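Let me begin by presenting the structure, written as structure tokens, before commenting on it.
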Amino acid sequence: MTDDEILDEFRAADALLEGHFILSSGLRSPRYLQCARVLMDPARAERLARALAAKLPSAVHSQLQAVVSPAMGGVIIGHEMGRALGLPAMFVERPEGVFELRRGFRLAPGTKVLMVEDVVTTGLSSREAIQAVRAAGGDVIVEAALVDRSGGGVDLGVPFVPLIRIDVPTYEADALPAELASIPAVKPGSRAAA
């Protein structure tokens with residue numbers, strides 16, 4: 001898929017939003033890609049996951065044994081990536097504020113894992129989820145995401161393969177441009193703002 005085709009999928013789902021958004025990182029942004037909306041159509045989710053799976057280097061793909069994603073945002077795309085790659089898909093969640101595998105999910109020691117996110121901005125959730133996989137015995141060898149909002153500068157400690165990179169400005173809450181400060185903020189994400 002081309003970048004235009006990917007963005008068309010978001011537009012068709014009314015998932016490319018304009019306004020004043022509080023990201024899960026606590027940063028503010030004038031644009032937000034609501035991946036939950038783009039993934040609510042199973043056929044669209046499957047198309048996007050297949051396109052993302054196709055971007056993984058074949059040498060990496062052949063090593064993978066499991067897909068793990070952080071709840072909530074990564075659950076659907078993680079499941080679809082598992083389907084696209086023919087691998088089991090599971091997720092980590094934060095019942096007590098720290099990611100962990102639950103619900104009977106297990107990784108054999110050394111299991112080669114693909115971490116999958118919906119959107120990466122600062123990489124905080126990804127790094128925390130990768131740490132949880134390591135604590136459970138797995139070995140994250142690559143991360144994939146639908147959207148890289150980091151400006152290409154995120155360091156996850158593993159190779160990172162996004163479906164699309166989108167350069168959208170982000171701001172600290174106390175350093176907003178006037179046009180953003182004049183609009184009420186909305187928090188569409190799944191994690192409390194930092």
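Residue numbering restarts at 1 in every chain; chains get A, B, ... in the order shown in the structure tokens, and ligands count up from 1 in that same order.
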Spatial neighbours of Ala135 (chain A), 10 Å, only C-alpha atoms, chain gap at least 2 places, as an MDAnalysis selection string: chainID A and resid 99:101 107 109 129:133 137:139
Tell me, as a PDB file with all heavy atoms, in the first residue's frame, which residues lie within 12 Å of Val142 (chain A), counting only C-alpha atoms; anything in the same chain fewer than 5 positions away does not count.
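And here is the file that came out, out.pdb:
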ATOM      1  N   ALA A  53       2.591  -6.518   7.533  1.00  0.00           N
ATOM      2  CA  ALA A  53       3.350  -7.775   7.550  1.00  0.00           C
ATOM      3  C   ALA A  53       4.275  -7.871   6.344  1.00  0.00           C
ATOM      4  O   ALA A  53       5.405  -8.368   6.456  1.00  0.00           O
ATOM      5  CB  ALA A  53       2.384  -8.966   7.590  1.00  0.00           C
ATOM      6  N   LYS A  55       5.870  -5.572   4.978  1.00  0.00           N
ATOM      7  CA  LYS A  55       7.027  -4.689   5.147  1.00  0.00           C
ATOM      8  C   LYS A  55       8.126  -5.306   6.011  1.00  0.00           C
ATOM      9  O   LYS A  55       9.248  -4.810   6.040  1.00  0.00           O
ATOM     10  CB  LYS A  55       6.592  -3.351   5.751  1.00  0.00           C
ATOM     11  CG  LYS A  55       5.782  -2.506   4.779  1.00  0.00           C
ATOM     12  CD  LYS A  55       5.568  -1.115   5.309  1.00  0.00           C
ATOM     13  CE  LYS A  55       6.799  -0.278   5.063  1.00  0.00           C
ATOM     14  NZ  LYS A  55       6.578   1.150   5.331  1.00  0.00           N
ATOM     15  N   LEU A  56       7.801  -6.370   6.736  1.00  0.00           N
ATOM     16  CA  LEU A  56       8.817  -7.002   7.582  1.00  0.00           C
ATOM     17  C   LEU A  56       9.848  -7.702   6.710  1.00  0.00           C
ATOM     18  O   LEU A  56       9.480  -8.426   5.781  1.00  0.00           O
ATOM     19  CB  LEU A  56       8.174  -8.026   8.516  1.00  0.00           C
ATOM     20  CG  LEU A  56       7.235  -7.490   9.587  1.00  0.00           C
ATOM     21  CD1 LEU A  56       6.568  -8.651  10.315  1.00  0.00           C
ATOM     22  CD2 LEU A  56       7.983  -6.596  10.559  1.00  0.00           C
ATOM     23  N   PRO A  57      11.126  -7.516   7.007  1.00  0.00           N
ATOM     24  CA  PRO A  57      12.156  -8.233   6.238  1.00  0.00           C
ATOM     25  C   PRO A  57      11.942  -9.747   6.357  1.00  0.00           C
ATOM     26  O   PRO A  57      11.631 -10.252   7.433  1.00  0.00           O
ATOM     27  CB  PRO A  57      13.464  -7.809   6.909  1.00  0.00           C
ATOM     28  CG  PRO A  57      13.139  -6.553   7.649  1.00  0.00           C
ATOM     29  CD  PRO A  57      11.693  -6.649   8.037  1.00  0.00           C
ATOM     30  N   ALA A  59      13.976 -12.161   6.473  1.00  0.00           N
ATOM     31  CA  ALA A  59      14.880 -12.799   7.438  1.00  0.00           C
ATOM     32  C   ALA A  59      14.316 -12.697   8.855  1.00  0.00           C
ATOM     33  O   ALA A  59      14.472 -13.616   9.660  1.00  0.00           O
ATOM     34  CB  ALA A  59      16.262 -12.161   7.377  1.00  0.00           C
ATOM     35  N   VAL A  60      13.653 -11.603   9.158  1.00  0.00           N
ATOM     36  CA  VAL A  60      13.035 -11.424  10.474  1.00  0.00           C
ATOM     37  C   VAL A  60      11.762 -12.261  10.559  1.00  0.00           C
ATOM     38  O   VAL A  60      11.530 -12.965  11.537  1.00  0.00           O
ATOM     39  CB  VAL A  60      12.726  -9.930  10.730  1.00  0.00           C
ATOM     40  CG1 VAL A  60      11.853  -9.746  11.959  1.00  0.00           C
ATOM     41  CG2 VAL A  60      14.018  -9.134  10.866  1.00  0.00           C
ATOM     42  N   HIS A  61      10.951 -12.177   9.516  1.00  0.00           N
ATOM     43  CA  HIS A  61       9.685 -12.915   9.490  1.00  0.00           C
ATOM     44  C   HIS A  61       9.900 -14.397   9.763  1.00  0.00           C
ATOM     45  O   HIS A  61       9.151 -15.028  10.513  1.00  0.00           O
ATOM     46  CB  HIS A  61       8.980 -12.703   8.155  1.00  0.00           C
ATOM     47  CG  HIS A  61       7.723 -13.476   8.012  1.00  0.00           C
ATOM     48  ND1 HIS A  61       7.683 -14.687   7.366  1.00  0.00           N
ATOM     49  CD2 HIS A  61       6.468 -13.231   8.439  1.00  0.00           C
ATOM     50  CE1 HIS A  61       6.448 -15.155   7.398  1.00  0.00           C
ATOM     51  NE2 HIS A  61       5.688 -14.294   8.046  1.00  0.00           N
ATOM     52  N   GLN A  63      12.017 -15.848  11.562  1.00  0.00           N
ATOM     53  CA  GLN A  63      12.417 -16.142  12.944  1.00  0.00           C
ATOM     54  C   GLN A  63      11.266 -16.029  13.937  1.00  0.00           C
ATOM     55  O   GLN A  63      11.329 -16.590  15.024  1.00  0.00           O
ATOM     56  CB  GLN A  63      13.500 -15.167  13.399  1.00  0.00           C
ATOM     57  CG  GLN A  63      14.806 -15.274  12.669  1.00  0.00           C
ATOM     58  CD  GLN A  63      15.777 -14.235  13.208  1.00  0.00           C
ATOM     59  OE1 GLN A  63      16.032 -14.169  14.404  1.00  0.00           O
ATOM     60  NE2 GLN A  63      16.301 -13.422  12.311  1.00  0.00           N
ATOM     61  N   LEU A  64      10.235 -15.276  13.569  1.00  0.00           N
ATOM     62  CA  LEU A  64       9.168 -14.947  14.525  1.00  0.00           C
ATOM     63  C   LEU A  64       8.375 -16.170  14.951  1.00  0.00           C
ATOM     64  O   LEU A  64       8.055 -17.038  14.141  1.00  0.00           O
ATOM     65  CB  LEU A  64       8.232 -13.902  13.925  1.00  0.00           C
ATOM     66  CG  LEU A  64       8.844 -12.520  13.704  1.00  0.00           C
ATOM     67  CD1 LEU A  64       7.909 -11.644  12.903  1.00  0.00           C
ATOM     68  CD2 LEU A  64       9.205 -11.870  15.038  1.00  0.00           C
ATOM     69  N   GLN A  65       8.035 -16.181  16.246  1.00  0.00           N
ATOM     70  CA  GLN A  65       7.262 -17.283  16.815  1.00  0.00           C
ATOM     71  C   GLN A  65       5.967 -16.825  17.468  1.00  0.00           C
ATOM     72  O   GLN A  65       5.095 -17.649  17.730  1.00  0.00           O
ATOM     73  CB  GLN A  65       8.117 -18.019  17.848  1.00  0.00           C
ATOM     74  CG  GLN A  65       9.370 -18.627  17.248  1.00  0.00           C
ATOM     75  CD  GLN A  65      10.308 -19.138  18.313  1.00  0.00           C
ATOM     76  OE1 GLN A  65      10.825 -18.373  19.117  1.00  0.00           O
ATOM     77  NE2 GLN A  65      10.517 -20.446  18.329  1.00  0.00           N
ATOM     78  N   ALA A  66       5.844 -15.534  17.768  1.00  0.00           N
ATOM     79  CA  ALA A  66       4.642 -15.015  18.434  1.00  0.00           C
ATOM     80  C   ALA A  66       4.535 -13.516  18.198  1.00  0.00           C
ATOM     81  O   ALA A  66       5.535 -12.843  17.930  1.00  0.00           O
ATOM     82  CB  ALA A  66       4.684 -15.299  19.934  1.00  0.00           C
ATOM     83  N   VAL A  67       3.319 -13.026  18.317  1.00  0.00           N
ATOM     84  CA  VAL A  67       3.026 -11.600  18.243  1.00  0.00           C
ATOM     85  C   VAL A  67       2.482 -11.178  19.602  1.00  0.00           C
ATOM     86  O   VAL A  67       1.617 -11.848  20.163  1.00  0.00           O
ATOM     87  CB  VAL A  67       1.970 -11.294  17.156  1.00  0.00           C
ATOM     88  CG1 VAL A  67       1.572  -9.824  17.181  1.00  0.00           C
ATOM     89  CG2 VAL A  67       2.488 -11.691  15.781  1.00  0.00           C
ATOM     90  N   VAL A  68       3.003 -10.067  20.122  1.00  0.00           N
ATOM     91  CA  VAL A  68       2.501  -9.504  21.378  1.00  0.00           C
ATOM     92  C   VAL A  68       2.226  -8.033  21.129  1.00  0.00           C
ATOM     93  O   VAL A  68       2.971  -7.355  20.415  1.00  0.00           O
ATOM     94  CB  VAL A  68       3.515  -9.673  22.536  1.00  0.00           C
ATOM     95  CG1 VAL A  68       3.001  -9.008  23.811  1.00  0.00           C
ATOM     96  CG2 VAL A  68       3.811 -11.150  22.793  1.00  0.00           C
ATOM     97  N   SER A  69       1.147  -7.549  21.713  1.00  0.00           N
ATOM     98  CA  SER A  69       0.816  -6.134  21.592  1.00  0.00           C
ATOM     99  C   SER A  69       0.375  -5.603  22.952  1.00  0.00           C
ATOM    100  O   SER A  69      -0.082  -6.364  23.800  1.00  0.00           O
ATOM    101  CB  SER A  69      -0.290  -5.928  20.553  1.00  0.00           C
ATOM    102  OG  SER A  69      -1.411  -6.721  20.881  1.00  0.00           O
ATOM    103  N   LYS A 112      10.870 -15.862  20.036  1.00  0.00           N
ATOM    104  CA  LYS A 112      11.128 -14.685  19.201  1.00  0.00           C
ATOM    105  C   LYS A 112       9.790 -13.976  18.931  1.00  0.00           C
ATOM    106  O   LYS A 112       8.880 -14.561  18.334  1.00  0.00           O
ATOM    107  CB  LYS A 112      11.780 -15.073  17.874  1.00  0.00           C
ATOM    108  CG  LYS A 112      13.076 -15.831  18.029  1.00  0.00           C
ATOM    109  CD  LYS A 112      14.133 -15.005  18.711  1.00  0.00           C
ATOM    110  CE  LYS A 112      15.458 -15.759  18.730  1.00  0.00           C
ATOM    111  NZ  LYS A 112      16.320 -15.329  19.808  1.00  0.00           N
ATOM    112  N   VAL A 113       9.713 -12.729  19.380  1.00  0.00           N
ATOM    113  CA  VAL A 113       8.451 -11.998  19.408  1.00  0.00           C
ATOM    114  C   VAL A 113       8.485 -10.771  18.505  1.00  0.00           C
ATOM    115  O   VAL A 113       9.478 -10.044  18.469  1.00  0.00           O
ATOM    116  CB  VAL A 113       8.128 -11.555  20.860  1.00  0.00           C
ATOM    117  CG1 VAL A 113       6.910 -10.645  20.918  1.00  0.00           C
ATOM    118  CG2 VAL A 113       7.923 -12.779  21.752  1.00  0.00           C
ATOM    119  N   LEU A 114       7.366 -10.555  17.827  1.00  0.00           N
ATOM    120  CA  LEU A 114       7.081  -9.302  17.131  1.00  0.00           C
ATOM    121  C   LEU A 114       6.176  -8.494  18.038  1.00  0.00           C
ATOM    122  O   LEU A 114       5.087  -8.944  18.390  1.00  0.00           O
ATOM    123  CB  LEU A 114       6.366  -9.565  15.804  1.00  0.00           C
ATOM    124  CG  LEU A 114       5.710  -8.351  15.122  1.00  0.00           C
ATOM    125  CD1 LEU A 114       6.755  -7.342  14.673  1.00  0.00           C
ATOM    126  CD2 LEU A 114       4.844  -8.804  13.959  1.00  0.00           C
ATOM    127  N   MET A 115       6.620  -7.313  18.449  1.00  0.00           N
ATOM    128  CA  MET A 115       5.766  -6.396  19.209  1.00  0.00           C
ATOM    129  C   MET A 115       5.003  -5.554  18.195  1.00  0.00           C
ATOM    130  O   MET A 115       5.600  -5.053  17.236  1.00  0.00           O
ATOM    131  CB  MET A 115       6.629  -5.488  20.106  1.00  0.00           C
ATOM    132  CG  MET A 115       5.832  -4.500  20.934  1.00  0.00           C
ATOM    133  SD  MET A 115       4.731  -5.252  22.132  1.00  0.00           S
ATOM    134  CE  MET A 115       5.877  -6.119  23.184  1.00  0.00           C
ATOM    135  N   VAL A 116       3.696  -5.388  18.394  1.00  0.00           N
ATOM    136  CA  VAL A 116       2.874  -4.627  17.459  1.00  0.00           C
ATOM    137  C   VAL A 116       2.085  -3.565  18.207  1.00  0.00           C
ATOM    138  O   VAL A 116       1.400  -3.861  19.193  1.00  0.00           O
ATOM    139  CB  VAL A 116       1.899  -5.542  16.682  1.00  0.00           C
ATOM    140  CG1 VAL A 116       1.035  -4.716  15.742  1.00  0.00           C
ATOM    141  CG2 VAL A 116       2.661  -6.592  15.904  1.00  0.00           C
ATOM    142  N   GLU A 117       2.167  -2.331  17.732  1.00  0.00           N
ATOM    143  CA  GLU A 117       1.428  -1.188  18.288  1.00  0.00           C
ATOM    144  C   GLU A 117       0.540  -0.597  17.204  1.00  0.00           C
ATOM    145  O   GLU A 117       0.770  -0.826  16.012  1.00  0.00           O
ATOM    146  CB  GLU A 117       2.406  -0.092  18.730  1.00  0.00           C
ATOM    147  CG  GLU A 117       3.041  -0.326  20.061  1.00  0.00           C
ATOM    148  CD  GLU A 117       2.325   0.401  21.178  1.00  0.00           C
ATOM    149  OE1 GLU A 117       1.095   0.615  21.081  1.00  0.00           O
ATOM    150  OE2 GLU A 117       2.992   0.750  22.154  1.00  0.00           O
ATOM    151  N   SER A 126       5.696   1.167  24.087  1.00  0.00           N
ATOM    152  CA  SER A 126       6.420   0.081  23.427  1.00  0.00           C
ATOM    153  C   SER A 126       7.572  -0.418  24.291  1.00  0.00           C
ATOM    154  O   SER A 126       7.738  -1.633  24.471  1.00  0.00           O
ATOM    155  CB  SER A 126       6.973   0.555  22.080  1.00  0.00           C
ATOM    156  OG  SER A 126       5.932   0.869  21.203  1.00  0.00           O
ATOM    157  N   ARG A 127       8.364   0.494  24.815  1.00  0.00           N
ATOM    158  CA  ARG A 127       9.501   0.077  25.647  1.00  0.00           C
ATOM    159  C   ARG A 127       9.018  -0.659  26.896  1.00  0.00           C
ATOM    160  O   ARG A 127       9.601  -1.668  27.308  1.00  0.00           O
ATOM    161  CB  ARG A 127      10.375   1.277  26.014  1.00  0.00           C
ATOM    162  CG  ARG A 127      11.193   1.790  24.822  1.00  0.00           C
ATOM    163  CD  ARG A 127      12.187   2.867  25.216  1.00  0.00           C
ATOM    164  NE  ARG A 127      11.572   4.063  25.745  1.00  0.00           N
ATOM    165  CZ  ARG A 127      11.108   5.071  24.991  1.00  0.00           C
ATOM    166  NH1 ARG A 127      11.198   5.020  23.667  1.00  0.00           N
ATOM    167  NH2 ARG A 127      10.560   6.129  25.554  1.00  0.00           N
ATOM    168  N   ILE A 130       7.846  -4.119  25.742  1.00  0.00           N
ATOM    169  CA  ILE A 130       9.020  -4.948  25.424  1.00  0.00           C
ATOM    170  C   ILE A 130       9.642  -5.478  26.716  1.00  0.00           C
ATOM    171  O   ILE A 130      10.013  -6.655  26.806  1.00  0.00           O
ATOM    172  CB  ILE A 130      10.038  -4.154  24.576  1.00  0.00           C
ATOM    173  CG1 ILE A 130       9.480  -3.952  23.153  1.00  0.00           C
ATOM    174  CG2 ILE A 130      11.397  -4.846  24.546  1.00  0.00           C
ATOM    175  CD1 ILE A 130      10.253  -2.945  22.305  1.00  0.00           C
ATOM    176  N   ASP A 155      13.593   5.522  19.607  1.00  0.00           N
ATOM    177  CA  ASP A 155      14.521   4.420  19.821  1.00  0.00           C
ATOM    178  C   ASP A 155      13.846   3.414  20.733  1.00  0.00           C
ATOM    179  O   ASP A 155      13.628   3.684  21.914  1.00  0.00           O
ATOM    180  CB  ASP A 155      15.821   4.920  20.455  1.00  0.00           C
ATOM    181  CG  ASP A 155      16.821   3.800  20.704  1.00  0.00           C
ATOM    182  OD1 ASP A 155      16.558   2.649  20.309  1.00  0.00           O
ATOM    183  OD2 ASP A 155      17.865   4.085  21.313  1.00  0.00           O
ATOM    184  N   LEU A 156      13.492   2.263  20.187  1.00  0.00           N
ATOM    185  CA  LEU A 156      12.808   1.229  20.954  1.00  0.00           C
ATOM    186  C   LEU A 156      13.761   0.137  21.427  1.00  0.00           C
ATOM    187  O   LEU A 156      13.360  -0.781  22.128  1.00  0.00           O
ATOM    188  CB  LEU A 156      11.690   0.607  20.105  1.00  0.00           C
ATOM    189  CG  LEU A 156      10.658   1.595  19.581  1.00  0.00           C
ATOM    190  CD1 LEU A 156       9.667   0.891  18.665  1.00  0.00           C
ATOM    191  CD2 LEU A 156       9.952   2.291  20.728  1.00  0.00           C
ATOM    192  N   GLY A 157      15.019   0.223  21.006  1.00  0.00           N
ATOM    193  CA  GLY A 157      15.988  -0.793  21.371  1.00  0.00           C
ATOM    194  C   GLY A 157      15.934  -2.025  20.479  1.00  0.00           C
ATOM    195  O   GLY A 157      16.706  -2.960  20.658  1.00  0.00           O
ATOM    196  N   VAL A 158      15.002  -2.032  19.527  1.00  0.00           N
ATOM    197  CA  VAL A 158      14.867  -3.112  18.537  1.00  0.00           C
ATOM    198  C   VAL A 158      14.531  -2.443  17.203  1.00  0.00           C
ATOM    199  O   VAL A 158      14.071  -1.294  17.177  1.00  0.00           O
ATOM    200  CB  VAL A 158      13.755  -4.125  18.913  1.00  0.00           C
ATOM    201  CG1 VAL A 158      14.081  -4.846  20.219  1.00  0.00           C
ATOM    202  CG2 VAL A 158      12.390  -3.473  18.984  1.00  0.00           C
ATOM    203  N   PRO A 159      14.744  -3.131  16.080  1.00  0.00           N
ATOM    204  CA  PRO A 159      14.339  -2.546  14.799  1.00  0.00           C
ATOM    205  C   PRO A 159      12.846  -2.204  14.804  1.00  0.00           C
ATOM    206  O   PRO A 159      12.042  -2.916  15.423  1.00  0.00           O
ATOM    207  CB  PRO A 159      14.651  -3.650  13.789  1.00  0.00           C
ATOM    208  CG  PRO A 159      15.720  -4.469  14.444  1.00  0.00           C
ATOM    209  CD  PRO A 159      15.400  -4.437  15.915  1.00  0.00           C
ATOM    210  N   PHE A 160      12.489  -1.130  14.111  1.00  0.00           N
ATOM    211  CA  PHE A 160      11.116  -0.628  14.100  1.00  0.00           C
ATOM    212  C   PHE A 160      10.642  -0.501  12.665  1.00  0.00           C
ATOM    213  O   PHE A 160      11.286   0.146  11.842  1.00  0.00           O
ATOM    214  CB  PHE A 160      11.072   0.728  14.809  1.00  0.00           C
ATOM    215  CG  PHE A 160       9.723   1.385  14.825  1.00  0.00           C
ATOM    216  CD1 PHE A 160       8.561   0.665  15.072  1.00  0.00           C
ATOM    217  CD2 PHE A 160       9.621   2.748  14.613  1.00  0.00           C
ATOM    218  CE1 PHE A 160       7.315   1.285  15.093  1.00  0.00           C
ATOM    219  CE2 PHE A 160       8.395   3.382  14.638  1.00  0.00           C
ATOM    220  CZ  PHE A 160       7.242   2.648  14.872  1.00  0.00           C
ATOM    221  N   VAL A 161       9.477  -1.125  12.366  1.00  0.00           N
ATOM    222  CA  VAL A 161       8.906  -1.128  11.022  1.00  0.00           C
ATOM    223  C   VAL A 161       7.485  -0.562  11.090  1.00  0.00           C
ATOM    224  O   VAL A 161       6.556  -1.267  11.484  1.00  0.00           O
ATOM    225  CB  VAL A 161       8.869  -2.561  10.438  1.00  0.00           C
ATOM    226  CG1 VAL A 161       8.254  -2.551   9.040  1.00  0.00           C
ATOM    227  CG2 VAL A 161      10.247  -3.180  10.425  1.00  0.00           C
ATOM    228  N   PRO A 162       7.292   0.704  10.713  1.00  0.00           N
ATOM    229  CA  PRO A 162       5.936   1.249  10.669  1.00  0.00           C
ATOM    230  C   PRO A 162       5.324   1.092   9.272  1.00  0.00           C
ATOM    231  O   PRO A 162       6.052   1.037   8.278  1.00  0.00           O
ATOM    232  CB  PRO A 162       6.152   2.722  10.993  1.00  0.00           C
ATOM    233  CG  PRO A 162       7.499   3.023  10.423  1.00  0.00           C
ATOM    234  CD  PRO A 162       8.305   1.741  10.571  1.00  0.00           C
TER     235      PRO A 162
END
Long-range neighbours of Arg102 (chain A) as a PyMOL selection string, 9 Å cut-off, only C-alpha atoms, 4 positions minimum in chain: chain A and resi 91-93+106
Selected residues written out, N, CA and C atoms, as an mmCIF file, in the first residue's frame:
data_model
loop_
_atom_site.group_PDB
_atom_site.id
_atom_site.type_symbol
_atom_site.label_atom_id
_atom_site.label_comp_id
_atom_site.auth_asym_id
_atom_site.auth_seq_id
_atom_site.Cartn_x
_atom_site.Cartn_y
_atom_site.Cartn_z
ATOM 1 N N PHE A 91 -1.494 -10.402 24.222
ATOM 2 C CA PHE A 91 -1.267 -9.005 24.596
ATOM 3 C C PHE A 91 -0.840 -8.894 26.047
ATOM 4 N N VAL A 92 -0.172 -7.780 26.336
ATOM 5 C CA VAL A 92 0.174 -7.415 27.706
ATOM 6 C C VAL A 92 -0.791 -6.328 28.132
ATOM 7 N N GLU A 93 -1.064 -6.280 29.425
ATOM 8 C CA GLU A 93 -1.963 -5.253 29.956
ATOM 9 C C GLU A 93 -1.432 -4.762 31.288
ATOM 10 N N ARG A 106 1.470 -17.298 27.786
ATOM 11 C CA ARG A 106 2.818 -17.689 28.205
ATOM 12 C C ARG A 106 3.750 -17.653 26.999
#
Every residue of region 50-180 of chain A that DSSP places in alpha helix (DSSP H), as number ranges by chain: A: 50-55, 58-61, 75-85, 124-135, 178-180
All strand (DSSP E or B) positions in region 10-113 of chain A, as a ChimeraX atom specification: /A:16-22,28-33,66-70,89-93,100-101,112-113
Since we have the selection now, will you write its residues out, keeping N, CA and C atoms, as a PDB file, in the first residue's frame?
ATOM      1  N   LEU A  16      -9.158  10.158  10.744  1.00  0.00           N
ATOM      2  CA  LEU A  16      -8.144  11.198  10.659  1.00  0.00           C
ATOM      3  C   LEU A  16      -8.787  12.468  11.209  1.00  0.00           C
ATOM      4  N   LEU A  17      -8.498  12.776  12.473  1.00  0.00           N
ATOM      5  CA  LEU A  17      -9.198  13.831  13.201  1.00  0.00           C
ATOM      6  C   LEU A  17      -8.367  15.100  13.299  1.00  0.00           C
ATOM      7  N   GLU A  18      -9.061  16.221  13.298  1.00  0.00           N
ATOM      8  CA  GLU A  18      -8.439  17.541  13.462  1.00  0.00           C
ATOM      9  C   GLU A  18      -9.006  18.186  14.720  1.00  0.00           C
ATOM     10  N   GLY A  19      -8.169  18.867  15.511  1.00  0.00           N
ATOM     11  CA  GLY A  19      -8.622  19.526  16.736  1.00  0.00           C
ATOM     12  C   GLY A  19      -7.454  19.723  17.686  1.00  0.00           C
ATOM     13  N   HIS A  20      -7.700  19.526  18.978  1.00  0.00           N
ATOM     14  CA  HIS A  20      -6.672  19.641  20.022  1.00  0.00           C
ATOM     15  C   HIS A  20      -6.733  18.356  20.841  1.00  0.00           C
ATOM     16  N   PHE A  21      -5.711  17.518  20.692  1.00  0.00           N
ATOM     17  CA  PHE A  21      -5.727  16.196  21.287  1.00  0.00           C
ATOM     18  C   PHE A  21      -4.613  16.024  22.305  1.00  0.00           C
ATOM     19  N   ILE A  22      -4.937  15.350  23.400  1.00  0.00           N
ATOM     20  CA  ILE A  22      -3.951  14.959  24.399  1.00  0.00           C
ATOM     21  C   ILE A  22      -3.577  13.519  24.078  1.00  0.00           C
ATOM     22  N   ARG A  28       0.568  17.229  23.259  1.00  0.00           N
ATOM     23  CA  ARG A  28      -0.621  17.734  22.575  1.00  0.00           C
ATOM     24  C   ARG A  28      -0.373  17.767  21.079  1.00  0.00           C
ATOM     25  N   SER A  29      -1.460  17.594  20.302  1.00  0.00           N
ATOM     26  CA  SER A  29      -1.335  17.557  18.850  1.00  0.00           C
ATOM     27  C   SER A  29      -2.590  18.115  18.188  1.00  0.00           C
ATOM     28  N   PRO A  30      -2.428  18.750  17.012  1.00  0.00           N
ATOM     29  CA  PRO A  30      -3.596  19.240  16.266  1.00  0.00           C
ATOM     30  C   PRO A  30      -4.255  18.164  15.399  1.00  0.00           C
ATOM     31  N   ARG A  31      -3.609  17.000  15.255  1.00  0.00           N
ATOM     32  CA  ARG A  31      -4.166  15.900  14.459  1.00  0.00           C
ATOM     33  C   ARG A  31      -4.040  14.604  15.224  1.00  0.00           C
ATOM     34  N   TYR A  32      -5.006  13.722  14.987  1.00  0.00           N
ATOM     35  CA  TYR A  32      -5.008  12.442  15.681  1.00  0.00           C
ATOM     36  C   TYR A  32      -5.509  11.372  14.733  1.00  0.00           C
ATOM     37  N   LEU A  33      -4.809  10.263  14.687  1.00  0.00           N
ATOM     38  CA  LEU A  33      -5.262   9.110  13.910  1.00  0.00           C
ATOM     39  C   LEU A  33      -5.903   8.130  14.888  1.00  0.00           C
ATOM     40  N   ALA A  66       5.844 -15.534  17.768  1.00  0.00           N
ATOM     41  CA  ALA A  66       4.642 -15.015  18.434  1.00  0.00           C
ATOM     42  C   ALA A  66       4.535 -13.516  18.198  1.00  0.00           C
ATOM     43  N   VAL A  67       3.319 -13.026  18.317  1.00  0.00           N
ATOM     44  CA  VAL A  67       3.026 -11.600  18.243  1.00  0.00           C
ATOM     45  C   VAL A  67       2.482 -11.178  19.602  1.00  0.00           C
ATOM     46  N   VAL A  68       3.003 -10.067  20.122  1.00  0.00           N
ATOM     47  CA  VAL A  68       2.501  -9.504  21.378  1.00  0.00           C
ATOM     48  C   VAL A  68       2.226  -8.033  21.129  1.00  0.00           C
ATOM     49  N   SER A  69       1.147  -7.549  21.713  1.00  0.00           N
ATOM     50  CA  SER A  69       0.816  -6.134  21.592  1.00  0.00           C
ATOM     51  C   SER A  69       0.375  -5.603  22.952  1.00  0.00           C
ATOM     52  N   PRO A  70       0.523  -4.293  23.173  1.00  0.00           N
ATOM     53  CA  PRO A  70       0.047  -3.711  24.422  1.00  0.00           C
ATOM     54  C   PRO A  70      -1.441  -3.387  24.335  1.00  0.00           C
ATOM     55  N   ALA A  89      -1.192 -14.757  18.669  1.00  0.00           N
ATOM     56  CA  ALA A  89      -1.190 -13.345  19.077  1.00  0.00           C
ATOM     57  C   ALA A  89      -1.708 -13.237  20.504  1.00  0.00           C
ATOM     58  N   MET A  90      -1.003 -12.492  21.299  1.00  0.00           N
ATOM     59  CA  MET A  90      -1.404 -12.262  22.688  1.00  0.00           C
ATOM     60  C   MET A  90      -1.129 -10.804  23.024  1.00  0.00           C
ATOM     61  N   PHE A  91      -1.494 -10.402  24.222  1.00  0.00           N
ATOM     62  CA  PHE A  91      -1.267  -9.005  24.596  1.00  0.00           C
ATOM     63  C   PHE A  91      -0.840  -8.894  26.047  1.00  0.00           C
ATOM     64  N   VAL A  92      -0.172  -7.780  26.336  1.00  0.00           N
ATOM     65  CA  VAL A  92       0.174  -7.415  27.706  1.00  0.00           C
ATOM     66  C   VAL A  92      -0.791  -6.328  28.132  1.00  0.00           C
ATOM     67  N   GLU A  93      -1.064  -6.280  29.425  1.00  0.00           N
ATOM     68  CA  GLU A  93      -1.963  -5.253  29.956  1.00  0.00           C
ATOM     69  C   GLU A  93      -1.432  -4.762  31.288  1.00  0.00           C
ATOM     70  N   GLU A 100       2.058  -6.596  31.912  1.00  0.00           N
ATOM     71  CA  GLU A 100       2.380  -7.993  32.176  1.00  0.00           C
ATOM     72  C   GLU A 100       1.506  -8.881  31.309  1.00  0.00           C
ATOM     73  N   LEU A 101       2.018 -10.089  31.046  1.00  0.00           N
ATOM     74  CA  LEU A 101       1.210 -11.116  30.381  1.00  0.00           C
ATOM     75  C   LEU A 101       0.258 -11.683  31.424  1.00  0.00           C
ATOM     76  N   LYS A 112      10.870 -15.862  20.036  1.00  0.00           N
ATOM     77  CA  LYS A 112      11.128 -14.685  19.201  1.00  0.00           C
ATOM     78  C   LYS A 112       9.790 -13.976  18.931  1.00  0.00           C
ATOM     79  N   VAL A 113       9.713 -12.729  19.380  1.00  0.00           N
ATOM     80  CA  VAL A 113       8.451 -11.998  19.408  1.00  0.00           C
ATOM     81  C   VAL A 113       8.485 -10.771  18.505  1.00  0.00           C
TER      82      VAL A 113
END
